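**Student:** The structure follows.
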Amino acid sequence: MEVYINGINAISPQETYDNSLFLNEIIEYSDEFLTVIKPNYKEFIKANVLRRMSNIIRMGVVSARMAMQEANVENPDAIIVGTGLGCMTDTEKFLNRLLENNESLLTPTSFIQSTHNTVGAQIAVMISCNNYNMTYVNKNNGFETSLLDALMMFEEGGADNILVGAVDEMTPDNHKLKKRINAWKNEPATISTLLSSKTKGCIAGEGSTFTVLSKNKTEQTYAKFVDVFTIYKATEEDLYTKLLQFLEENNLSVNDIDVVVTGNNGDYESDKMYNDFTSKFFLQSVQVVYKHLIGEHGSASAFGFWLAAKILKTQTIPEIVNFNKKETSKIKNILVYNFDYYFKNNHSFVLLQEA
Amino acid sequence: MSNIYITGLGIISAIGDNCVENLNSLTQSKSGIKTIKHLQTIHKNEFVVGEISYSNKELGEIAGVNDYAKQSRTALLAIIAAKEAVKHSNIDLNDGLRTGIISASTVGGMDITENYYTSESTQDNNNFILTHYASNHVEVICDLLGINDFSATISTACSSSANAIMNGARLIKSGRLDRVIVGGTDALSKFTLNGFNTLMILDNELCKPFDENRKGLNLGEGAAYLVLESEESVKKSNKKVLAKVLGYANANDAYHQTASSPEGNGATLAMKQAIKSANISANKISYINVHGTGTPNNDDSEGTALQNIYGDNVPAFSSTKSFTGHTLGAAGAIEAVFSVLAINNNLIYPNLNLKNNIEKFKFKPVTKLIENKDVDVVLSNSFGFGGNNSTIIIGKAK
C-alpha cells in the first residue's frame, strides 16, 4: 500500500500559501512573535461567515480548501486535524469576559468557537462532509498522530483521499503567559542569527498546514508519505534505537536518508539535541531547518512536512533552509524529526519518499 | 475484525469513586445531581450539577499524589480512574508488551486556568500555563503509571472519549499496540458552566432526557478508562475478559457548529456504520445507552435517528446522564463503562425523571431498572459540538 501527497498548503509567517513559489523571498521578524501572511480569505469564505471567524479558523479552513483544490478533491473520506492549544482567541475572549464581568453579560459565539474541534467541524460544514472527523490535541505532535490515523485508515481500506492538517494560532495573551515561564527568548533575534544563539528559549509563531493524502498517484503528486512514529519520552539511547527500528521497518538504513529536516528553533539546548542527532547518523545528509522562518508552535512540525514534500517534488533545497550547506544530487528519502523543546519530550519521526 | 477485549474498568463520577459504587447507584436509581458544592460560581444556587463531592485535596489523597495543588482537577480525576482500570485489568506494564494511552478532554486544565488567569506571575501561579493543555492529564498518567509506547489526546467536544475508545481499538487492530488504556476526563469549570448557560441549554432542575417537556442538560464531571487488549495479549496472561469492543464509527452531521440536524443525519450514519463494522444486524442490540443530554434539540435529533434505523421498535434504551450529568469529554467513556457493567450484571438502567414521553415518537426509554436480563450487545452514542457523532458497540465476551 502506498500513500501519496496529492495536495499541500501552508499558511505561515512566510509567503508560502502560493505553491508556485518556494521561499523565494524571506520576510524578516518585525514583532515579538510571528504572525501568518494571509492569502485573500474572501476568495474562499463568504464575507458574512468570515466576519465571525477567528484567526485560527480562517487560516485552518482556507489552507484546507487550498490543499483540496490543488489535489482536486472535493469531499475527502476523512478530515483529521491536529492542534496544540486549539482556538485560543475565542477561548481567551470568553474567559476574559467571564472574569471581567463576574460571569455575566456573556454571549455564546466565542464559547461555541472555543472548542478544539472547531476547525475540522467548520471544514465539514463548508463542504458538507459527513465522513469521519477527528481532532488530536497532543501539545506538539497532533499532526503526527493525525498522520498515523490516516495511515491506519488507508490500511483498513475504503478510503481514497484523506484531508490531514495541523493548525495553531498565537495570541498576545498567550505570548505573555508563556513569557512568564521563559518559553521565549528575552533578546531580539533575526533569521540569520537565531539558530546560532547560545541562549535558552525560542521565537513564537503560528500557522496552518493541510495536505491531501491519497491512495492513487496523480500528476499533482508531491511525494509518498511512508510512515510516522511518535514516542512520549525517550533517552538519547532509546531514541537512536527507535530510529534504527523505524528505518528498518521501512527497509531503509541511515545512509538512505538524503535529507533530515530538524526542528531547530534557537533554543540552545534543543538545537544541540537536533544537531547531535544529525551528526550521529546523518553526516552525509543535508540538514534542513525551518523554525527560524516560521517560529515555534504546536503545529510547527507540519510545516517541516510541507517543506519535505516541496523539496521532493521540486528536487531543490532553498539556501535559507540548508543548515549544514551540503549538496546532494538526487533526493529520494527525507526524515522529519521533531520534539517538544520545552520539555524535551513527544518525539516524532515522519518519513517521506520520492513518488 | 480481530477481537478487541476489555479487561479493566475505572471510573469516578458524581455517583461513585469506583466501579462498585457507580454500579450500586445505578441499581438503586440514585442520581448524583445536586446543588453545587465546590465550583466557585455566581450560579451556585441556580443550577444543579453532577459534581464529585470531594475537594481537590481529597481527590489528591484518593489519587495518591502529594502535589495535588499543582494538578488540575481534570488530571486528578483522570489519575483515579486510570489507576483503577489498570489495577482491575491486572496488566504488567513491564512485561515487554506495547502499551499506549488515548485519552480525551474538552477543556483540559481550565478549572485552574480560570482561577489563576489574571494572577501575578509567581512560580506557583504559573503552573496553570502548562496544565492548561488538554493533553496535560495524559502526560501525568504516563509518568505515574509508566506508559510510554504511545500516547494521544483527542478533543472533539462531547464525543471525545468515545473517539478515544474507537481509536484505541483501531491501534490494536492495526498491530501497532498490544494494549491501550482509553477513556477521558473533564472537571466542572466556570468556563463550561457559563458557556452552556449562554447557549440556554441548561436545566435549572434535574434533567429529563427524552421527556416531552425536557428543558436542557445538567453538567457533570468525571473520568473513566477502559483497558483494551489484543487477543494475543489476553492469551499470554490467560485472564478473564469483561467484554469485547465489537464495532465503532464516527460520522459528521455537517449541519451546524452546535445544533444537531432535525433529521439526525450524523447520528444515523454513526449508528449504521458502527452496526456494520460490528458485522451484526441492528436487532441484535440488547440495550442502547443514548447520548440523551436532555436538551430539546439533542433528544429530538437522536430520537429521529433511532427511528430512522428501527422504525417504532427501538431496543431498550435509556440516558444515564440523568445520574451523572453530562460529563462532556468523559461522557463516552463513563457510558462505555456502564455498558460493560450492564453486560456483566444483566442489567438495563433506568432513565430517571421521565414524566411524559416525547409525543412524536412511538417509543420510550426504560424508566425502571430491569434485572436478570441477558444483555448481549450494547450500543452507546456520544455526540458533540461540530456535529461530531460517535457510536461504540460493546458485546459479551464468549
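Every chain in the C-alpha cells takes a letter, A first, then B, and so on in the order presented; its residues are numbered from 1, and the ligands are numbered from 1 following the presented order.
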How close does each residue of chain B get to chain A, giving the shortest atom pair and distance in Å to one decimal for every residue with an atom at most 7 Å away, counting only C-alpha atoms, sorted by chain and residue number, as CSV?
**Tutor:**
```
residue,atom,partner,partner_atom,distance
B:Ile42,CA,A:Glu103,CA,7.0
B:Ser121,CA,A:Arg180,CA,6.4
B:Ile129,CA,A:Leu177,CA,6.8
B:Tyr133,CA,A:Leu85,CA,6.4
B:Ala134,CA,A:Val137,CA,6.6
B:Ser135,CA,A:Asn138,CA,5.5
B:Asn148,CA,A:Tyr232,CA,5.7
B:Asp149,CA,A:Ile231,CA,6.0
B:Phe150,CA,A:Ile231,CA,5.8
B:Ser151,CA,A:Tyr232,CA,6.5
B:Ala152,CA,A:Asn138,CA,5.9
B:Thr153,CA,A:Val137,CA,5.4
B:Ile154,CA,A:Tyr136,CA,4.6
B:Ser155,CA,A:Thr135,CA,5.7
B:Thr156,CA,A:Asn117,CA,5.1
B:Ala157,CA,A:Thr115,CA,6.5
B:Ser174,CA,A:Met152,CA,6.8
B:Phe191,CA,A:Leu95,CA,6.7
B:Asn194,CA,A:Glu103,CA,6.8
B:Gly195,CA,A:Phe111,CA,5.6
B:Thr198,CA,A:Pro108,CA,5.1
B:Leu199,CA,A:Pro108,CA,5.8
B:Asn250,CA,A:Tyr132,CA,5.2
B:Ala251,CA,A:Tyr132,CA,4.8
B:Asn252,CA,A:Asn130,CA,4.3
B:Asp253,CA,A:Asn130,CA,5.7
B:Ala254,CA,A:Val125,CA,4.3
B:Tyr255,CA,A:Val125,CA,5.9
B:His256,CA,A:Val125,CA,6.8
B:Gln257,CA,A:Ala121,CA,6.8
B:Thr258,CA,A:Ile112,CA,6.9
B:Gly266,CA,A:Asn130,CA,6.7
B:Gly386,CA,A:Ala121,CA,4.7
B:Gly387,CA,A:Ala121,CA,6.9
B:Asn388,CA,A:Asn133,CA,6.9
```
**Student:** Counting only C-alpha atoms, what is within 9 Å of Glu74 in chain A, bar same-chain residues fewer than 5 positions away, as a ChimeraX atom specification?
**Tutor:** /A:65,68-69,127
**Student:** Please dump the current selection as a PDB file, in the first residue's frame; keep N, CA, C and O atoms.
**Tutor:**
```
ATOM      1  N   ARG A  65      -8.893  24.206   2.238  1.00  0.00           N
ATOM      2  CA  ARG A  65      -9.545  24.324   0.925  1.00  0.00           C
ATOM      3  C   ARG A  65      -8.522  24.420  -0.194  1.00  0.00           C
ATOM      4  O   ARG A  65      -8.700  23.863  -1.275  1.00  0.00           O
ATOM      5  N   MET A  68      -7.140  20.980  -0.862  1.00  0.00           N
ATOM      6  CA  MET A  68      -8.128  20.143  -1.564  1.00  0.00           C
ATOM      7  C   MET A  68      -8.257  20.558  -3.028  1.00  0.00           C
ATOM      8  O   MET A  68      -8.388  19.733  -3.910  1.00  0.00           O
ATOM      9  N   GLN A  69      -8.222  21.891  -3.227  1.00  0.00           N
ATOM     10  CA  GLN A  69      -8.304  22.409  -4.589  1.00  0.00           C
ATOM     11  C   GLN A  69      -7.132  21.890  -5.427  1.00  0.00           C
ATOM     12  O   GLN A  69      -7.305  21.427  -6.546  1.00  0.00           O
ATOM     13  N   ILE A 127     -18.016  22.034   3.269  1.00  0.00           N
ATOM     14  CA  ILE A 127     -18.031  21.158   2.091  1.00  0.00           C
ATOM     15  C   ILE A 127     -19.068  20.047   2.246  1.00  0.00           C
ATOM     16  O   ILE A 127     -19.086  19.095   1.472  1.00  0.00           O
TER      17      ILE A 127
END
```
**Student:** Could you find all residues in range 24-111 of chain A that DSSP calls strand (DSSP E) from the backbone, and write them as JSON, numbers by chain?
**Tutor:** {"A": [78, 79, 80, 81, 82]}
**Student:** Out of B:Ala162, B:Cys207, B:Ile101, B:Leu379, which residue has the shortest atom-to-atom distance to Asp143 in chain B when counting only C-alpha atoms?
**Tutor:**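 The answer is B:Ile101, which sits nearest to Asp143 in chain B.
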**Student:** One decimal, Å: what's the distance from CA of Asn136 in chain B over to CA of Gly108 in chain B, could you say?
**Tutor:**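 These atoms are spaced 7.1 Å apart.
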**Student:** Out of range 162-338 of chain A, which residues get helix (DSSP H, G or I) from DSSP, as a ChimeraX atom specification?
**Tutor:** /A:172-180,191-194,236-249,254-256,268-281,291-294,300-314,319-321
**Student:** Just the residues within 8 Å of range 40-55 of chain A, please, counting only C-alpha atoms, with nothing from its chain fewer than 3 positions along; format it as JSON, numbers by chain.
**Tutor:** {"A": [58, 59, 62, 65, 87, 89, 90, 169]}
